[in-house]
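*Asks:* The structure file my_file.cif (mmCIF, C-alpha atoms) is provided below.
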```
data_protein
#
loop_
_atom_site.label_atom_id
_atom_site.label_comp_id
_atom_site.auth_asym_id
_atom_site.auth_seq_id
_atom_site.Cartn_x
_atom_site.Cartn_y
_atom_site.Cartn_z
CA MET A 765 20.59 18.51 3.55
CA MET A 766 19.78 14.82 3.39
CA GLY A 767 21.80 12.97 0.78
CA THR A 768 20.45 10.32 -1.53
CA MET A 769 19.95 7.00 0.22
CA THR A 770 20.93 3.64 -1.14
CA PHE A 771 18.37 0.90 -1.64
CA GLU A 772 19.66 -0.98 1.40
CA GLN A 773 19.64 2.13 3.59
CA LEU A 774 16.01 2.68 2.66
CA CYS A 775 15.19 -0.94 3.52
CA ASP A 776 16.92 -0.52 6.88
CA LEU A 777 14.42 2.22 7.79
CA VAL A 778 11.39 -0.03 7.29
CA PRO A 779 11.02 -1.37 10.87
CA ASP A 780 11.08 2.15 12.35
CA VAL A 781 8.76 3.47 9.64
CA LEU A 782 6.17 0.77 10.26
CA SER A 783 6.42 1.24 14.03
CA GLU A 784 5.87 5.00 13.75
CA MET A 785 2.92 4.59 11.42
CA THR A 786 1.34 1.90 13.59
CA ARG A 787 1.60 3.98 16.76
CA GLU A 788 0.19 7.11 15.11
CA PHE A 789 -2.68 5.33 13.34
CA VAL A 790 -3.67 3.61 16.60
CA ARG A 791 -3.30 6.83 18.62
CA LYS A 792 -5.33 9.06 16.32
CA GLY A 793 -7.67 6.34 15.13
CA GLY A 794 -8.53 5.48 18.71
CA GLU A 795 -9.93 8.97 19.21
CA TYR A 796 -12.45 8.45 16.40
CA LEU A 797 -13.23 4.85 17.27
CA ASP A 798 -14.06 5.89 20.84
CA LEU A 799 -16.49 8.54 19.54
CA ASP A 800 -18.23 6.53 16.82
CA ILE A 801 -16.95 3.18 15.59
CA THR A 802 -19.03 3.43 12.40
CA SER A 803 -17.99 6.94 11.28
CA GLN A 804 -16.16 7.70 8.04
CA HIS A 805 -13.07 8.68 10.02
CA SER A 806 -13.18 5.40 11.95
CA ALA A 807 -13.46 3.48 8.69
CA CYS A 808 -10.36 5.23 7.34
CA PHE A 809 -8.29 4.41 10.41
CA MET A 810 -9.50 0.82 10.54
CA LEU A 811 -8.28 0.43 6.96
CA ALA A 812 -5.01 2.26 7.69
CA ILE A 813 -4.30 -0.04 10.64
CA ARG A 814 -5.20 -3.11 8.59
CA SER A 815 -2.91 -1.92 5.80
CA VAL A 816 0.11 -1.37 8.03
CA SER A 817 -0.52 -4.74 9.69
CA LEU A 818 -0.47 -6.42 6.27
CA LEU A 819 2.78 -4.62 5.43
CA ARG A 820 4.39 -6.28 8.44
CA GLY A 821 3.37 -9.70 7.18
CA MET A 822 4.55 -8.90 3.66
CA GLU A 823 8.02 -8.06 4.97
CA VAL A 824 8.38 -11.59 6.34
CA LEU A 825 7.67 -13.04 2.89
CA LEU A 826 10.37 -11.05 1.10
CA ALA A 827 12.80 -13.94 0.84
CA PRO A 828 13.67 -16.24 -2.10
CA ASP A 829 11.86 -19.22 -0.57
CA THR A 830 8.63 -17.36 0.27
CA PHE A 831 8.06 -14.41 -2.04
CA ASP A 832 5.72 -16.40 -4.29
CA SER A 833 3.22 -15.99 -1.42
CA TRP A 834 3.94 -12.26 -1.30
CA ASP A 835 1.71 -11.55 -4.33
CA VAL A 836 -1.36 -12.84 -2.50
CA LEU A 837 -0.77 -10.60 0.50
CA MET A 838 0.10 -7.67 -1.76
CA ARG A 839 -3.35 -7.89 -3.30
CA SER A 840 -4.97 -7.72 0.15
CA PHE A 841 -2.84 -4.69 1.01
CA MET A 842 -3.75 -2.90 -2.22
CA GLU A 843 -7.45 -3.53 -1.63
CA SER A 844 -7.21 -2.01 1.85
CA ARG A 845 -5.08 0.98 0.85
CA ASP A 846 -7.18 1.78 -2.21
CA ILE A 847 -10.50 1.67 -0.38
CA LEU A 848 -8.90 3.86 2.30
CA LEU A 849 -8.12 6.33 -0.49
CA THR A 850 -11.71 5.97 -1.73
CA PHE A 851 -13.07 6.65 1.77
CA ARG A 852 -11.09 9.86 2.21
CA PHE A 853 -13.28 11.80 -0.22
CA ASP A 854 -15.50 14.36 1.48
CA ASP A 855 -18.82 13.93 -0.28
CA GLU A 856 -22.18 12.29 0.30
CA GLY A 857 -21.53 9.50 -2.21
CA THR A 858 -18.48 8.41 -0.21
CA ALA A 859 -20.41 8.66 3.05
CA ASP A 860 -23.04 6.32 1.57
CA HIS A 861 -20.28 3.96 0.46
CA VAL A 862 -18.87 3.90 4.00
CA ARG A 863 -22.29 3.16 5.49
CA GLY A 864 -22.71 0.25 3.07
CA TRP A 865 -19.23 -1.00 3.97
CA PHE A 866 -20.07 -1.12 7.65
CA LYS A 867 -23.37 -2.89 7.01
CA GLY A 868 -21.59 -5.52 4.92
CA LYS A 869 -24.72 -6.36 2.93
CA ASP A 870 -23.55 -4.99 -0.41
CA SER A 871 -21.13 -7.44 -2.05
CA GLN A 872 -19.47 -4.51 -3.86
CA ALA A 873 -19.08 -2.22 -0.83
CA TRP A 874 -15.48 -3.29 -0.16
CA LYS A 875 -14.32 -2.43 -3.69
CA PRO A 876 -12.31 0.78 -4.23
CA LYS A 877 -13.45 3.33 -6.81
CA HIS A 878 -10.27 3.28 -8.87
CA ARG A 879 -11.42 5.68 -11.59
CA THR A 880 -12.40 8.30 -9.03
CA CYS A 881 -9.07 7.86 -7.25
CA GLU A 882 -7.13 8.07 -10.52
CA ARG A 883 -8.88 11.30 -11.54
CA PHE A 884 -8.18 12.84 -8.15
CA LEU A 885 -4.51 11.85 -8.13
CA THR A 886 -4.12 13.33 -11.61
CA GLN A 887 -5.79 16.58 -10.51
CA VAL A 888 -3.43 17.02 -7.56
CA GLY A 889 -0.39 16.38 -9.75
CA ALA A 890 0.48 12.85 -8.65
CA ALA A 891 2.43 10.63 -10.98
CA ASP A 892 0.53 8.02 -13.01
CA SER A 893 -0.57 5.67 -10.25
CA GLU A 894 -2.21 3.02 -12.46
CA LEU A 895 -4.17 1.82 -9.43
CA ALA A 896 -6.69 -0.24 -11.32
CA ARG A 897 -4.14 -1.85 -13.65
CA ARG A 898 -1.77 -2.80 -10.86
CA TRP A 899 -4.59 -4.12 -8.69
CA GLY A 900 -5.78 -6.22 -11.62
CA VAL A 901 -2.30 -7.69 -12.09
CA PHE A 902 -1.98 -8.68 -8.45
CA SER A 903 -5.58 -9.88 -8.34
CA GLY A 904 -4.77 -12.32 -11.11
CA LEU A 905 -1.66 -13.53 -9.34
CA ALA A 906 -3.64 -14.11 -6.15
CA HIS A 907 -6.03 -16.58 -7.80
CA PRO A 908 -5.23 -20.03 -9.25
CA THR A 909 -5.03 -18.80 -12.85
CA ALA A 910 -2.70 -20.35 -15.41
CA LEU A 911 -0.43 -17.28 -15.17
CA ALA A 912 -0.25 -17.56 -11.39
CA ALA A 913 0.52 -21.28 -11.62
CA ARG A 914 3.29 -20.67 -14.17
CA ASN A 915 4.80 -18.04 -11.89
CA SER A 916 4.78 -20.51 -9.00
CA VAL A 917 6.46 -23.13 -11.16
CA ALA A 918 9.15 -20.63 -12.19
CA VAL A 919 9.77 -19.55 -8.60
CA THR A 920 9.93 -23.13 -7.32
CA ALA A 921 12.25 -24.22 -10.13
CA ALA A 922 14.51 -21.25 -9.44
CA ARG A 923 14.85 -22.28 -5.82
CA ILE A 924 16.36 -25.63 -6.77
CA SER A 925 18.33 -24.57 -9.84
CA SER A 926 21.58 -22.69 -9.33
CA ASN A 927 21.36 -21.43 -12.92
CA SER A 928 18.23 -19.46 -12.03
CA ARG A 929 19.53 -17.76 -8.92
CA PRO A 930 20.56 -14.49 -10.67
CA ASP A 931 17.03 -14.11 -12.06
CA MET A 932 15.66 -14.83 -8.60
CA ALA A 933 17.81 -12.06 -7.13
CA ILE A 934 16.53 -9.56 -9.70
CA ALA A 935 12.92 -10.59 -9.10
CA LEU A 936 13.39 -10.25 -5.35
CA GLU A 937 14.82 -6.74 -5.72
CA GLU A 938 11.78 -5.76 -7.78
CA LYS A 939 9.44 -7.17 -5.15
CA ARG A 940 11.28 -5.18 -2.48
CA ALA A 941 10.95 -2.02 -4.59
CA ASP A 942 7.20 -2.64 -4.85
CA TYR A 943 7.11 -3.12 -1.09
CA LEU A 944 8.91 0.14 -0.35
CA THR A 945 6.56 1.97 -2.71
CA SER A 946 3.58 0.43 -0.91
CA ILE A 947 4.81 1.75 2.44
CA ALA A 948 5.28 5.27 1.08
CA SER A 949 1.87 5.22 -0.61
CA LEU A 950 0.11 4.22 2.62
CA PHE A 951 1.89 6.99 4.54
CA VAL A 952 0.64 9.56 2.01
CA THR A 953 -2.89 8.14 1.81
CA ALA A 954 -3.41 8.09 5.58
CA SER A 955 -1.33 11.07 6.70
CA PHE A 956 -1.63 13.79 4.06
CA GLU A 957 -4.41 16.39 4.04
CA LEU A 958 -5.42 17.30 0.49
CA PRO A 959 -8.32 19.40 -0.82
CA GLY A 960 -11.43 17.29 -1.16
CA TRP A 961 -10.40 14.82 1.53
CA ILE A 962 -11.81 14.50 5.04
CA HIS A 963 -9.37 15.64 7.70
CA LEU A 964 -7.88 12.69 9.61
CA GLY A 965 -5.39 14.66 11.68
CA CYS A 966 -2.36 12.40 11.78
CA ASP A 967 0.67 14.18 13.20
CA THR A 968 3.59 13.70 10.82
CA ASP A 969 5.91 15.13 13.48
CA ARG A 970 5.32 11.88 15.34
CA MET A 971 6.51 9.98 12.27
CA PRO A 972 9.85 11.63 11.35
CA THR A 973 11.43 8.43 9.98
CA ALA A 974 8.37 7.76 7.83
CA GLU A 975 8.58 11.28 6.40
CA ARG A 976 12.30 10.85 5.63
CA PHE A 977 11.45 7.54 4.00
CA ARG A 978 8.70 9.12 1.86
CA ILE A 979 10.99 11.86 0.61
CA ALA A 980 13.89 9.52 -0.18
CA ALA A 981 11.95 6.60 -1.68
CA PRO A 982 11.13 7.88 -5.21
CA ALA A 983 14.74 8.47 -6.25
CA VAL A 984 15.69 5.00 -5.02
CA VAL A 985 12.81 2.81 -6.18
CA LEU A 986 11.59 4.44 -9.40
CA PRO A 987 14.59 3.29 -11.50
CA ILE A 988 13.94 -0.30 -10.37
CA LEU A 989 10.22 -0.08 -11.09
CA LYS A 990 10.84 1.42 -14.52
CA ARG A 991 13.25 -1.41 -15.31
CA LYS A 992 10.56 -3.87 -14.25
CA GLU A 993 7.92 -2.19 -16.43
CA GLY A 994 10.30 -2.25 -19.39
CA LYS A 995 10.39 -6.05 -19.22
CA SER A 996 6.59 -6.48 -19.10
#
```
Would you mind writing the structure in this file as structure tokens?
*Replies:*
Amino acid sequence: MMGTMTFEQLCDLVPDVLSEMTREFVRKGGEYLDLDITSQHSACFMLAIRSVSLLRGMEVLLAPDTFDSWDVLMRSFMESRDILLTFRFDDEGTADHVRGWFKGKDSQAWKPKHRTCERFLTQVGAADSELARRWGVFSGLAHPTALAARNSVAVTAARISSNSRPDMAIALEEKRADYLTSIASLFVTASFELPGWIHLGCDTDRMPTAERFRIAAPAVVLPILKRKEGKS
């Protein structure tokens, strides 16, 4: 039986997890892209590959001197993952949405349907995902709002003030917890087969480290995320 991992042990798995996911998304996605590059399945894999690519860039920014930039990339990741979730629904409305996304003429076609996703996740027994609320938070931090500017000032001041380093360490741990949660959520969104979703056919046996990571992550990161929510 696998014991509980520490936070650092979970972080150590990230390179292998991302490598496994990348290889499997490219392998299986390539089959659909070769058949029809504008199919719903192809759209899902294009978004899955984009999402895992963004996760690699986000990892580089998880350092005290750069994590202010992490919020901007996090928003891009959430957009990609959430519209991937939107595109997995097996119904004509989603198929129309995908067709509009490929045409690129509808300025709203790239936007996820958060309410639909929230209702579905609730129906299948998922924990409160708060997709729309969290996307809104990161969307605000990605634009030059007063809140985003104040956050940048705080981060920059902390870098040059030794008195602020403990707060910086706590903030960085919370960012890392968000990052680990993002990886696990993408794995589920792209790899699981749930009622009402189109079948993508990823082979989780090809991603054993990612599956270990998914199972272990909640016990490790949820206490950190709850602590973060308690401060907001």
*Asks:* Evaluating the PyMOL selection byres ((chain A and resi 825) around 12) on the displayed file yields which residues, as number ranges by chain?
*Replies:* A: 818-824, 826-838, 936, 939-940, 943
*Asks:* At a cut-off of 12 Å, using only C-alpha atoms, what residues contact A:Asp969? Leave out same-chain residues fewer than 5 positions from it and give the result as a compact mmCIF listing (two decimals) with C-alpha atoms, keeping the file's coordinate frame.
*Replies:*
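Output below, filename selection-v8.txt:
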```txt
# COMPACT_ATOMS: atom_id res chain seq x y z
CA GLU A 784 5.87 5.00 13.75
CA MET A 785 2.92 4.59 11.42
CA GLU A 788 0.19 7.11 15.11
CA SER A 955 -1.33 11.07 6.70
CA ALA A 974 8.37 7.76 7.83
CA GLU A 975 8.58 11.28 6.40
CA ARG A 976 12.30 10.85 5.63
```
*Asks:* Identify all residues satisfying the PyMOL selection byres ((chain A and resi 863) around 12) in the given file; provide them as number ranges by chain.
*Replies:* A: 801-807, 851, 856-862, 864-870, 873-874
*Asks:* If we count only C-alpha atoms, what is near A:Val781 at a cut-off of 10 Å, once residues fewer than 4 positions away on the same chain are taken out, given as a compact mmCIF listing (two decimals) with C-alpha atoms, in the coordinates of the input?
*Replies:*
```
# COMPACT_ATOMS: atom_id res chain seq x y z
CA CYS A 775 15.19 -0.94 3.52
CA ASP A 776 16.92 -0.52 6.88
CA LEU A 777 14.42 2.22 7.79
CA MET A 785 2.92 4.59 11.42
CA THR A 786 1.34 1.90 13.59
CA ILE A 947 4.81 1.75 2.44
CA ALA A 948 5.28 5.27 1.08
CA PHE A 951 1.89 6.99 4.54
CA MET A 971 6.51 9.98 12.27
CA PRO A 972 9.85 11.63 11.35
CA THR A 973 11.43 8.43 9.98
CA ALA A 974 8.37 7.76 7.83
CA GLU A 975 8.58 11.28 6.40
CA ARG A 976 12.30 10.85 5.63
CA PHE A 977 11.45 7.54 4.00
CA ARG A 978 8.70 9.12 1.86
```
*Asks:* For a test of reading the model, state the distance in Å between atom CA of A:Phe809 and atom CA of A:Leu950, rounded to one decimal.
*Replies:*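 Atom CA of A:Leu950 lies at a distance of 11.5 Å from atom CA of A:Phe809.
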*Asks:* Between atom CA of A:Asp780 and atom CA of A:Gly965, what is the distance in Å, rounded to a tenth?
*Replies:*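 Computed distance, atom CA of A:Asp780 to atom CA of A:Gly965, equals 20.7 Å.
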*Asks:* At most 8 Å from (-10.7, 3.7, -4.8), file frame, all atoms listed in the file: which residues, as a PyMOL selection string?
*Replies:* chain A and resi 846-851+875-881
*Asks:* Quick one: residues within 12 Å of A:Lys792, only C-alpha atoms, excluding same-chain residues fewer than 2 positions away - as a compact mmCIF listing (two decimals) with C-alpha atoms, in the frame of the given file?
*Replies:*
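Final file, out-v5.txt:
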```txt
# COMPACT_ATOMS: atom_id res chain seq x y z
CA MET A 785 2.92 4.59 11.42
CA THR A 786 1.34 1.90 13.59
CA ARG A 787 1.60 3.98 16.76
CA GLU A 788 0.19 7.11 15.11
CA PHE A 789 -2.68 5.33 13.34
CA VAL A 790 -3.67 3.61 16.60
CA GLY A 794 -8.53 5.48 18.71
CA GLU A 795 -9.93 8.97 19.21
CA TYR A 796 -12.45 8.45 16.40
CA LEU A 797 -13.23 4.85 17.27
CA ASP A 798 -14.06 5.89 20.84
CA LEU A 799 -16.49 8.54 19.54
CA HIS A 805 -13.07 8.68 10.02
CA SER A 806 -13.18 5.40 11.95
CA CYS A 808 -10.36 5.23 7.34
CA PHE A 809 -8.29 4.41 10.41
CA MET A 810 -9.50 0.82 10.54
CA ALA A 812 -5.01 2.26 7.69
CA ILE A 813 -4.30 -0.04 10.64
CA ALA A 954 -3.41 8.09 5.58
CA SER A 955 -1.33 11.07 6.70
CA HIS A 963 -9.37 15.64 7.70
CA LEU A 964 -7.88 12.69 9.61
CA GLY A 965 -5.39 14.66 11.68
CA CYS A 966 -2.36 12.40 11.78
CA ASP A 967 0.67 14.18 13.20
CA THR A 968 3.59 13.70 10.82
CA ARG A 970 5.32 11.88 15.34
```
*Asks:* Measuring between only C-alpha atoms, which one of A:Met842, A:Val984, A:Ala941, A:Ala935 shows the shortest distance to A:Thr953?
*Replies:*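 Checking each candidate against A:Thr953, we get A:Met842 as the closest.
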*Asks:* Between atom CA of A:Met769 and atom CA of A:Leu958, what distance in Å does the model show, to one decimal?
*Replies:*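 Spanning atom CA of A:Met769 to atom CA of A:Leu958 is a straight-line distance of 27.4 Å.
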*Asks:* Report the centre and edge lengths, in Å to one decimal, of an axis-aligned box enclosing every atom of stretch 852-857 of chain A listed in the file, padded by 3 Å on each side, as lines of an AutoDock Vina configuration file.
*Replies:*
```
center_x = -16.6
center_y = 11.9
center_z = 0.0
size_x = 17.1
size_y = 10.9
size_z = 10.4
```
*Asks:* Go through A:Leu782, A:Val952, A:Val985, A:Ala933 one by one, measure the shortest atom-to-atom distance of each to A:Arg852 using all atoms listed in the file, and give the residue with the smallest value.
*Replies:*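 That would be A:Val952, the residue with the smallest distance to A:Arg852.
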*Asks:* Taking all atoms listed in the file into account, which of A:Leu811, A:Arg991, A:Glu938, A:Leu944 comes nearest A:Phe841?
*Replies:*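 Smallest separation from A:Phe841 among the options: A:Leu811.
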*Asks:* Would you fill out stretch 977-990 of chain A with N, CA, C and O atoms and return it as an mmCIF file, in the coordinates of the input?
*Replies:*
```cif
data_model
loop_
_atom_site.group_PDB
_atom_site.id
_atom_site.type_symbol
_atom_site.label_atom_id
_atom_site.label_comp_id
_atom_site.auth_asym_id
_atom_site.auth_seq_id
_atom_site.Cartn_x
_atom_site.Cartn_y
_atom_site.Cartn_z
ATOM 1 N N PHE A 977 11.608 8.674 4.917
ATOM 2 C CA PHE A 977 11.450 7.540 4.000
ATOM 3 C C PHE A 977 10.652 7.977 2.765
ATOM 4 O O PHE A 977 11.030 7.681 1.635
ATOM 5 N N ARG A 978 9.547 8.683 2.981
ATOM 6 C CA ARG A 978 8.700 9.120 1.860
ATOM 7 C C ARG A 978 9.465 10.020 0.894
ATOM 8 O O ARG A 978 9.342 9.894 -0.329
ATOM 9 N N ILE A 979 10.251 10.925 1.455
ATOM 10 C CA ILE A 979 10.990 11.860 0.610
ATOM 11 C C ILE A 979 12.081 11.143 -0.185
ATOM 12 O O ILE A 979 12.303 11.421 -1.360
ATOM 13 N N ALA A 980 12.755 10.188 0.453
ATOM 14 C CA ALA A 980 13.890 9.520 -0.180
ATOM 15 C C ALA A 980 13.475 8.417 -1.150
ATOM 16 O O ALA A 980 14.212 8.108 -2.093
ATOM 17 N N ALA A 981 12.320 7.815 -0.935
ATOM 18 C CA ALA A 981 11.950 6.600 -1.680
ATOM 19 C C ALA A 981 11.894 6.769 -3.198
ATOM 20 O O ALA A 981 12.414 5.907 -3.924
ATOM 21 N N PRO A 982 11.264 7.822 -3.751
ATOM 22 C CA PRO A 982 11.130 7.880 -5.210
ATOM 23 C C PRO A 982 12.449 7.774 -5.971
ATOM 24 O O PRO A 982 12.541 7.035 -6.956
ATOM 25 N N ALA A 983 13.461 8.486 -5.534
ATOM 26 C CA ALA A 983 14.740 8.470 -6.250
ATOM 27 C C ALA A 983 15.388 7.089 -6.214
ATOM 28 O O ALA A 983 16.140 6.722 -7.122
ATOM 29 N N VAL A 984 15.073 6.310 -5.181
ATOM 30 C CA VAL A 984 15.690 5.000 -5.020
ATOM 31 C C VAL A 984 14.927 3.921 -5.775
ATOM 32 O O VAL A 984 15.506 3.087 -6.473
ATOM 33 N N VAL A 985 13.603 3.932 -5.657
ATOM 34 C CA VAL A 985 12.810 2.810 -6.180
ATOM 35 C C VAL A 985 12.328 3.002 -7.613
ATOM 36 O O VAL A 985 12.111 2.012 -8.324
ATOM 37 N N LEU A 986 12.149 4.239 -8.060
ATOM 38 C CA LEU A 986 11.590 4.440 -9.400
ATOM 39 C C LEU A 986 12.449 3.837 -10.507
ATOM 40 O O LEU A 986 11.910 3.237 -11.454
ATOM 41 N N PRO A 987 13.783 3.949 -10.451
ATOM 42 C CA PRO A 987 14.590 3.290 -11.500
ATOM 43 C C PRO A 987 14.367 1.777 -11.554
ATOM 44 O O PRO A 987 14.348 1.187 -12.638
ATOM 45 N N ILE A 988 14.172 1.150 -10.409
ATOM 46 C CA ILE A 988 13.940 -0.300 -10.370
ATOM 47 C C ILE A 988 12.570 -0.624 -10.944
ATOM 48 O O ILE A 988 12.412 -1.570 -11.724
ATOM 49 N N LEU A 989 11.556 0.170 -10.586
ATOM 50 C CA LEU A 989 10.220 -0.080 -11.090
ATOM 51 C C LEU A 989 10.137 0.165 -12.589
ATOM 52 O O LEU A 989 9.434 -0.558 -13.312
ATOM 53 N N LYS A 990 10.846 1.173 -13.076
ATOM 54 C CA LYS A 990 10.840 1.420 -14.520
ATOM 55 C C LYS A 990 11.531 0.288 -15.271
ATOM 56 O O LYS A 990 11.120 -0.094 -16.379
#
```
